[in-house]
Amino acid sequence: MYISRKVAAVIIGATLVSLATSVILWLALGQAGMVVAPPLLTGALFLAIACVHSRLRADQTRYHRSLLEKTSNDYRQLEALSSLLWTLTPDLPLPRMRGWSASPDFLKELAEIILATQPNLVVEMGSGVSTLVAGYCLRRLGRGKILSLEHDPKHAAATRATLALHDLQEVATVVDAPLTTVNLGGTPWRWYDVAGLSIPGPIDILVVDGPPDTTQALARYPAVPVLHERMHDKTIVLADNANREDEKQVVAMWEKEFGLEPDFIDTEAGACILRRRSPGRG
Ligand SMILES: C[S@@+](CC[C@H](N)C(=O)[O-])C[C@H]1O[C@@H](n2cnc3c(N)ncnc32)[C@H](O)[C@@H]1O
């Protein structure tokens with residue numbers, strides 16, 4: 001049987017405490033102390049066991065619940081991934097998803113929106129597997145293009161290489177857009193440099209999955225204020241990572257300032273679809 005140092009210390013400590021208690025009771029009460037000590041110590045021992053047992057039960061319940069949540073989320077991701085693969089039928093394996101990349105359930109939302117609305121122009125912030133998925137959908141529709149703004153040249157090159165491997169360069173373009181200072185109502189923000197960017201037509205779908213939240217607080221807020229003049233009444237904004245406090249605040253700012261109505265979707269990282277509020281509604 002393996003006994004850890006901590007457990008050995010507890011056993012030795014408890015033995016010494018019970019010995020000391022017996023001696024104190026014997027000194028204080030004489031013979032009577034020897035009668036009182038065993039039941040007192042046994043009671044204390046059972047109380048300690050009951051406390052440890054109830055703590056272990058609580059830990060076990062918490063662990064079981066988190067394992068169930070994880071398993072159910074993993075299943076949802078596999079379900080979304082398989083329906084995505086059946087829909088896109090890619091020529092080659094798709095790059096890694098989740099983590100820094102979008103999760104399968106977000107990508108499935110993106111594919112559904114593109115296939116249902118048949119956009120002419122999708123503009124994305126933050127390139128990667130989402131650019132590829134959008135490219136496959138547009139190629140399948142036989143119409144539309146995606147422009148993906150990317151601030152990191154290495155990541156831009158990697159996404160371009162993947163697009164080329166999948167032969168999607170005709171429909172998907174990664175634009176090098178380093179982060180620069182953008183002034184919005186007198187406040188400076190770090191956001192993509194789009195000064196020299198020519199956007200071919202109004203934006204039908206705006207995918208907001210960058211810049212990373214490490215660049216500044218509310219890092220993704222400028223997307224709508226900078227590009228809203230390129231948007232129209234039916235433009236759909238799809239934001240990833242909507243479970244984060246920053247993103248919730250950004251969505252609330254867009255709603256207040258631009259009348260965009262948010263619809264939160266329960267995906268792994270949380271997603272939000274925003275549409276312009278129809279006239280006559282609150
Ligand atoms: C949330 S990611 C964009 C993910 C992309 N839409 C996709 O589906 O793969 C936002 C930005 O993080 C950066 N990024 C991506 N992977 C990264 C990594 N492993 N470490 C640090 N930054 C990363 C890239 O510049 C990217 O534009």
# chains A, B, ... in the order shown; residues from 1 in each chain; ligands from 1
$ residues_near_ligand --ligand "ligand 1" --cutoff "6 Å" --atoms "only C-alpha atoms and all ligand atoms" --output "compact mmCIF listing (two decimals) with C-alpha atoms, in the first residue's frame"
# COMPACT_ATOMS: atom_id res chain seq x y z
CA TRP A 100 -6.96 29.50 -31.72
CA SER A 101 -8.93 28.31 -34.74
CA ALA A 102 -12.70 28.35 -35.00
CA GLY A 126 -8.77 36.84 -38.61
CA SER A 127 -7.93 34.26 -41.25
CA GLY A 128 -7.60 30.50 -40.91
CA VAL A 129 -9.80 27.45 -41.25
CA SER A 130 -12.87 29.75 -41.38
CA GLU A 150 -4.89 39.19 -41.35
CA HIS A 151 -2.49 41.24 -39.20
CA ASP A 152 0.15 38.52 -38.76
CA HIS A 155 -0.36 33.45 -40.35
CA ASP A 209 -12.82 36.55 -35.41
CA GLY A 210 -9.87 38.92 -34.89
CA PRO A 211 -7.78 40.67 -33.83
CA PRO A 212 -6.79 38.54 -30.81
$ select_by_dssp --residues "region 4-219 of chain A" --states "strand (DSSP E)" --output "ChimeraX atom specification"
/A:121-125,145-150,172-176,179-184,187-192,203-208
$ atom_distance --atom1 "CA of Cys272 (chain A)" --atom2 "CA of Ser103 (chain A)"
13.9 Å
$ closest_atom_pairs --of "region 87-192 of chain A" --to "region 213-222 of chain A" --cutoff "10 Å" --atoms "only C-alpha atoms" --output "tab-separated table"
residue	atom	partner	partner_atom	distance
A:Met125	CA	A:Arg220	CA	8.8
A:Leu179	CA	A:Thr215	CA	9.1
A:Val182	CA	A:Pro222	CA	8.2
A:Asn183	CA	A:Pro222	CA	9.3
A:Leu184	CA	A:Pro222	CA	7.8
A:Trp189	CA	A:Pro222	CA	7.4
A:Arg190	CA	A:Thr215	CA	7.3
A:Trp191	CA	A:Pro222	CA	6.9
A:Tyr192	CA	A:Pro222	CA	9.1
$ residues_around --residues "Arg160 (chain A)" --least-positions-apart "2" --cutoff "8 Å" --atoms "only C-alpha atoms" --output "list in words"
Ala156, Ala157, Ala158, Thr162, Leu163, Ala164, Gln169, Thr173 and Val174 of chain A
$ closest_residue --among "A:Asp266, A:Leu88, A:Asp204, A:Asp59" --to "Phe106 (chain A)" --atoms "only C-alpha atoms"
A:Asp266
$ select_by_dssp --residues "region 45-161 of chain A" --states "helix (DSSP H, G or I)" --output "PyMOL selection string"
chain A and resi 45-88+104-117+129-141+153-161
$ residues_around --residues "Asn120 (chain A)" --least-positions-apart "6" --cutoff "9 Å" --atoms "only C-alpha atoms" --output "count of residues only"
10
$ residues_around --residues "Leu227 (chain A)" --least-positions-apart "2" --cutoff "10 Å" --atoms "only C-alpha atoms" --output "PyMOL selection string"
chain A and resi 123+194+202-203+206+222-225+229-231
$ residues_around --residues "Asp91 (chain A)" --least-positions-apart "4" --cutoff "10 Å" --atoms "only C-alpha atoms" --output "list in words"
Tyr136, Leu165, His166 and Asp167 of chain A
$ residues_around --residues "region 7-20 of chain A" --least-positions-apart "3" --cutoff "12 Å" --atoms "only C-alpha atoms" --output "list in words"
Tyr2, Ile3, Ser4, Val23, Ile24, Leu25, Trp26, Leu27, Met34, Ala37, Pro38, Pro39, Leu40, Leu41, Thr42, Gly43, Ala44, Leu45 and Ala48 of chain A
$ closest_residue --among "A:Val251, A:Val133, A:Leu141, A:Leu238" --to "Ala172 (chain A)" --atoms "only C-alpha atoms"
A:Val133
$ atom_distance --atom1 "CA of Ser148 (chain A)" --atom2 "CA of Lys248 (chain A)"
22.9 Å
$ atom_distance --atom1 "CA of Lys70 (chain A)" --atom2 "CA of Met97 (chain A)"
16.4 Å
$ closest_residue --among "A:Leu67, A:Ala271, A:Leu115, A:Ala242" --to "Leu84 (chain A)" --atoms "only C-alpha atoms"
A:Leu115
$ decode --residues "region 87-207 of chain A" --atoms "C-alpha atoms" --output "short mmCIF file (atom, residue, chain, number, x, y, z; two decimals), in the first residue's frame"
data_model
loop_
_atom_site.label_atom_id
_atom_site.label_comp_id
_atom_site.auth_asym_id
_atom_site.auth_seq_id
_atom_site.Cartn_x
_atom_site.Cartn_y
_atom_site.Cartn_z
CA THR A 87 -21.53 19.38 -46.83
CA LEU A 88 -18.16 20.68 -48.01
CA THR A 89 -16.64 17.40 -49.26
CA PRO A 90 -13.13 18.97 -49.18
CA ASP A 91 -10.47 17.70 -51.58
CA LEU A 92 -7.89 17.42 -48.77
CA PRO A 93 -8.00 17.16 -44.99
CA LEU A 94 -8.98 20.42 -43.28
CA PRO A 95 -6.52 22.15 -40.94
CA ARG A 96 -6.79 21.87 -37.18
CA MET A 97 -9.87 23.38 -35.55
CA ARG A 98 -10.60 24.60 -31.99
CA GLY A 99 -8.20 26.49 -29.76
CA TRP A 100 -6.96 29.50 -31.72
CA SER A 101 -8.93 28.31 -34.74
CA ALA A 102 -12.70 28.35 -35.00
CA SER A 103 -14.54 25.31 -33.61
CA PRO A 104 -16.58 23.00 -35.84
CA ASP A 105 -19.92 24.29 -34.49
CA PHE A 106 -18.96 27.90 -35.33
CA LEU A 107 -17.79 26.82 -38.79
CA LYS A 108 -21.06 24.98 -39.33
CA GLU A 109 -22.98 28.20 -38.51
CA LEU A 110 -20.76 30.07 -40.97
CA ALA A 111 -21.35 27.48 -43.71
CA GLU A 112 -25.11 27.49 -43.09
CA ILE A 113 -25.29 31.30 -43.31
CA ILE A 114 -23.21 31.45 -46.50
CA LEU A 115 -25.12 28.62 -48.20
CA ALA A 116 -28.50 30.07 -47.20
CA THR A 117 -27.84 33.73 -48.07
CA GLN A 118 -25.61 33.26 -51.14
CA PRO A 119 -23.51 36.36 -50.53
CA ASN A 120 -21.51 38.28 -53.11
CA LEU A 121 -18.97 39.46 -50.56
CA VAL A 122 -17.85 38.05 -47.23
CA VAL A 123 -15.29 40.10 -45.27
CA GLU A 124 -13.52 38.41 -42.39
CA MET A 125 -11.24 39.58 -39.61
CA GLY A 126 -8.77 36.84 -38.61
CA SER A 127 -7.93 34.26 -41.25
CA GLY A 128 -7.60 30.50 -40.91
CA VAL A 129 -9.80 27.45 -41.25
CA SER A 130 -12.87 29.75 -41.38
CA THR A 131 -11.50 31.30 -44.60
CA LEU A 132 -11.18 27.83 -46.07
CA VAL A 133 -14.70 26.79 -45.05
CA ALA A 134 -16.14 30.02 -46.48
CA GLY A 135 -14.12 29.42 -49.68
CA TYR A 136 -15.53 25.90 -50.09
CA CYS A 137 -19.10 27.19 -49.59
CA LEU A 138 -18.64 30.01 -52.13
CA ARG A 139 -17.06 27.67 -54.68
CA ARG A 140 -19.96 25.29 -54.24
CA LEU A 141 -22.44 28.16 -54.75
CA GLY A 142 -20.51 29.27 -57.84
CA ARG A 143 -20.66 32.89 -56.71
CA GLY A 144 -19.17 35.32 -54.19
CA LYS A 145 -15.76 36.01 -52.70
CA ILE A 146 -14.24 36.17 -49.24
CA LEU A 147 -11.63 38.78 -48.24
CA SER A 148 -9.91 37.89 -45.00
CA LEU A 149 -7.94 40.57 -43.13
CA GLU A 150 -4.89 39.19 -41.35
CA HIS A 151 -2.49 41.24 -39.20
CA ASP A 152 0.15 38.52 -38.76
CA PRO A 153 2.20 38.03 -41.98
CA LYS A 154 3.22 34.47 -41.01
CA HIS A 155 -0.36 33.45 -40.35
CA ALA A 156 -1.46 35.17 -43.58
CA ALA A 157 1.15 33.19 -45.55
CA ALA A 158 0.08 29.93 -43.87
CA THR A 159 -3.61 30.53 -44.68
CA ARG A 160 -2.72 31.48 -48.28
CA ALA A 161 -0.69 28.28 -48.67
CA THR A 162 -3.62 26.20 -47.37
CA LEU A 163 -6.04 27.98 -49.71
CA ALA A 164 -3.69 27.22 -52.62
CA LEU A 165 -3.47 23.53 -51.63
CA HIS A 166 -7.26 23.37 -51.68
CA ASP A 167 -7.34 25.35 -54.93
CA LEU A 168 -9.52 28.06 -53.43
CA GLN A 169 -7.50 31.17 -54.39
CA GLU A 170 -10.16 32.19 -56.93
CA VAL A 171 -12.75 32.70 -54.23
CA ALA A 172 -10.71 33.44 -51.10
CA THR A 173 -8.09 36.15 -50.61
CA VAL A 174 -6.05 36.84 -47.50
CA VAL A 175 -5.19 40.53 -47.20
CA ASP A 176 -2.12 41.60 -45.21
CA ALA A 177 -3.52 44.23 -42.86
CA PRO A 178 -1.10 45.06 -40.02
CA LEU A 179 -2.62 46.56 -36.91
CA THR A 180 -2.49 50.35 -36.93
CA THR A 181 -4.02 53.19 -34.92
CA VAL A 182 -7.58 53.87 -35.95
CA ASN A 183 -9.37 56.92 -34.53
CA LEU A 184 -13.00 56.45 -33.63
CA GLY A 185 -14.75 59.46 -32.11
CA GLY A 186 -11.43 60.75 -30.78
CA THR A 187 -10.45 57.40 -29.22
CA PRO A 188 -7.44 55.56 -30.66
CA TRP A 189 -7.88 51.80 -31.31
CA ARG A 190 -5.46 49.16 -32.57
CA TRP A 191 -7.12 47.67 -35.63
CA TYR A 192 -6.41 46.42 -39.14
CA ASP A 193 -4.96 48.92 -41.59
CA VAL A 194 -7.63 49.09 -44.29
CA ALA A 195 -6.70 52.53 -45.62
CA GLY A 196 -5.45 51.22 -48.97
CA LEU A 197 -7.84 48.30 -49.18
CA SER A 198 -10.26 48.20 -52.06
CA ILE A 199 -13.43 46.38 -51.05
CA PRO A 200 -15.28 45.23 -54.17
CA GLY A 201 -18.88 46.08 -53.29
CA PRO A 202 -21.09 46.10 -50.22
CA ILE A 203 -20.39 43.56 -47.48
CA ASP A 204 -23.06 40.85 -47.20
CA ILE A 205 -21.47 38.91 -44.33
CA LEU A 206 -18.94 40.26 -41.83
CA VAL A 207 -17.11 37.55 -39.87
#
